[in-house]
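Heads up: the structure comes next, in structure tokens.
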Amino acid sequence: MYVIIACPKCKSSVQIIDDIRAKNTKCQQCGAILPRKRLKKLYETADLNKAIEARGRIQFEMDTNSEISPNILKKYLTDPRPGHSKKKDIKSIIIQVIDKNGGTMIISNLKNELKKYDFSENQVESTLDRMLEVGEIYCPRVGWVGLI
Ligand SMILES: [Zn+2]
């Protein structure tokens, strides 16, 4: 997840932090050590391009108005969470792909197919786990999945 923060010390630097677990970050402008916990998240997204765009807009706002207009933040903060829609998509794509394959499929082939849609093996695996748990798919034999 990419998080956008502004340095509370110099109030002139907007930064993208890409590791949510990092304890501290350093302001690239004034060099202040910023404790992550106390930083206000201005915007967060899983999409780096969106983060870069939002950072640019927020930086521009700060440079011209020396404060962040609530409207700008609202625009970015009300964006739909990309994680949500992606989860839905991956599931329906998995079902489509298995269906096209005749209703059952070797998991490694399924992972390869899903790469075309930019889903990682881990994403496919965790989605399959969840689908197996709730009984949306089943395991006809080791390494295979099938539609119910
Ligand atoms: Zn600073």
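Labels for the structure tokens follow display order: chains A, B, ..., residues from 1 in each chain, ligands from 1.
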Item checked: Near-ligand residues for ligand 1, threshold 10 Å, only C-alpha atoms and all ligand atoms, as a ChimeraX atom specification -> /A:6-15,26-34
Same residues, N, CA and C atoms, saved as an mmCIF file, in the first residue's frame:
```cif
data_model
loop_
_atom_site.group_PDB
_atom_site.id
_atom_site.type_symbol
_atom_site.label_atom_id
_atom_site.label_comp_id
_atom_site.auth_asym_id
_atom_site.auth_seq_id
_atom_site.Cartn_x
_atom_site.Cartn_y
_atom_site.Cartn_z
ATOM 1 N N ALA A 6 2.549 14.265 4.588
ATOM 2 C CA ALA A 6 3.216 15.558 4.453
ATOM 3 C C ALA A 6 4.057 15.771 5.706
ATOM 4 N N CYS A 7 5.247 16.349 5.534
ATOM 5 C CA CYS A 7 6.116 16.588 6.670
ATOM 6 C C CYS A 7 5.513 17.667 7.571
ATOM 7 N N PRO A 8 5.239 17.360 8.849
ATOM 8 C CA PRO A 8 4.644 18.359 9.729
ATOM 9 C C PRO A 8 5.646 19.425 10.185
ATOM 10 N N LYS A 9 6.944 19.162 9.986
ATOM 11 C CA LYS A 9 7.965 20.120 10.431
ATOM 12 C C LYS A 9 8.128 21.262 9.430
ATOM 13 N N CYS A 10 8.503 20.934 8.197
ATOM 14 C CA CYS A 10 8.760 22.006 7.226
ATOM 15 C C CYS A 10 7.504 22.355 6.427
ATOM 16 N N LYS A 11 6.515 21.495 6.505
ATOM 17 C CA LYS A 11 5.237 21.703 5.801
ATOM 18 C C LYS A 11 5.419 22.020 4.321
ATOM 19 N N SER A 12 6.502 21.510 3.738
ATOM 20 C CA SER A 12 6.692 21.792 2.311
ATOM 21 C C SER A 12 7.011 20.538 1.521
ATOM 22 N N SER A 13 6.989 19.394 2.191
ATOM 23 C CA SER A 13 7.341 18.178 1.481
ATOM 24 C C SER A 13 6.242 17.135 1.602
ATOM 25 N N VAL A 14 5.798 16.659 0.441
ATOM 26 C CA VAL A 14 4.800 15.590 0.408
ATOM 27 C C VAL A 14 5.501 14.341 -0.089
ATOM 28 N N GLN A 15 5.324 13.254 0.627
ATOM 29 C CA GLN A 15 6.063 12.048 0.274
ATOM 30 C C GLN A 15 5.161 10.839 0.147
ATOM 31 N N LYS A 26 12.053 9.595 6.824
ATOM 32 C CA LYS A 26 12.825 10.832 6.880
ATOM 33 C C LYS A 26 12.301 11.798 5.830
ATOM 34 N N CYS A 27 12.101 13.032 6.233
ATOM 35 C CA CYS A 27 11.647 14.048 5.284
ATOM 36 C C CYS A 27 12.771 14.327 4.294
ATOM 37 N N GLN A 28 12.436 14.214 3.009
ATOM 38 C CA GLN A 28 13.458 14.428 1.978
ATOM 39 C C GLN A 28 13.816 15.912 1.847
ATOM 40 N N GLN A 29 12.964 16.767 2.380
ATOM 41 C CA GLN A 29 13.184 18.207 2.278
ATOM 42 C C GLN A 29 14.038 18.734 3.423
ATOM 43 N N CYS A 30 13.607 18.498 4.673
ATOM 44 C CA CYS A 30 14.298 19.099 5.816
ATOM 45 C C CYS A 30 15.079 18.068 6.628
ATOM 46 N N GLY A 31 14.935 16.809 6.298
ATOM 47 C CA GLY A 31 15.713 15.774 6.977
ATOM 48 C C GLY A 31 15.164 15.355 8.327
ATOM 49 N N ALA A 32 14.014 15.888 8.714
ATOM 50 C CA ALA A 32 13.415 15.528 10.001
ATOM 51 C C ALA A 32 13.041 14.045 10.016
ATOM 52 N N ILE A 33 13.272 13.398 11.163
ATOM 53 C CA ILE A 33 12.833 12.018 11.318
ATOM 54 C C ILE A 33 11.371 12.050 11.750
ATOM 55 N N LEU A 34 10.534 11.397 10.967
ATOM 56 C CA LEU A 34 9.104 11.469 11.215
ATOM 57 C C LEU A 34 8.583 10.123 11.703
#
```
Got a sec: who's within 10 Å of Asp118 (chain A), counting only C-alpha atoms, leaving out chain neighbours fewer than 5 positions off, as a CSV table (one decimal) with C-alpha atoms, in the first residue's frame?
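Output saved as part23.csv:
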```
chain,number,residue,atom,x,y,z
A,90,ILE,CA,-10.0,-12.3,-9.6
A,113,GLU,CA,-3.6,-18.0,-17.1
A,123,GLN,CA,-3.2,-13.8,-5.1
```
List as a PDB file with C-alpha atoms, in the first residue's frame the protein and nucleic acid residues near region 92-105 of chain A, meaning an atom at most 9 Å away when only C-alpha atoms are counted, but skip any in the same chain fewer than 6 places from it.
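As a result, out-v5.pdb now contains:
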```
ATOM      1  CA  GLU A 113      -3.649 -17.966 -17.116  1.00  0.00           C
ATOM      2  CA  LEU A 114      -4.270 -15.449 -14.330  1.00  0.00           C
ATOM      3  CA  TYR A 117      -4.684 -10.489 -15.996  1.00  0.00           C
ATOM      4  CA  VAL A 124      -4.516 -16.763  -7.048  1.00  0.00           C
ATOM      5  CA  THR A 127      -8.316 -16.622  -3.559  1.00  0.00           C
ATOM      6  CA  LEU A 128      -8.478 -20.365  -4.281  1.00  0.00           C
ATOM      7  CA  ILE A 137     -14.823 -24.787  -5.901  1.00  0.00           C
ATOM      8  CA  CYS A 139     -10.413 -30.226  -5.219  1.00  0.00           C
ATOM      9  CA  PRO A 140     -10.984 -33.254  -7.513  1.00  0.00           C
ATOM     10  CA  GLY A 143      -3.107 -29.918  -7.545  1.00  0.00           C
ATOM     11  CA  TRP A 144      -6.435 -29.557  -9.332  1.00  0.00           C
ATOM     12  CA  VAL A 145      -9.491 -27.406  -8.787  1.00  0.00           C
ATOM     13  CA  GLY A 146     -12.965 -27.838 -10.152  1.00  0.00           C
ATOM     14  CA  LEU A 147     -16.166 -25.850 -10.322  1.00  0.00           C
ATOM     15  CA  ILE A 148     -18.998 -27.094  -8.118  1.00  0.00           C
TER      16      ILE A 148
END
```
Notebook entry, point to check: Would you give me, as a list in words, the residues in region 30-74 of chain A that DSSP reads as alpha helix (DSSP H)?
Noted result: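 Selecting the alpha helix (DSSP H) positions of region 30-74 of chain A gives Leu48, Asn49, Lys50, Ala51, Ile52, Glu53, Ala54, Arg55, Gly56, Arg57, Ile58, Gln59, Phe60, Glu61, Met62, Asp63, Thr64, Asn65, Pro70, Asn71, Ile72, Leu73 and Lys74 of chain A.
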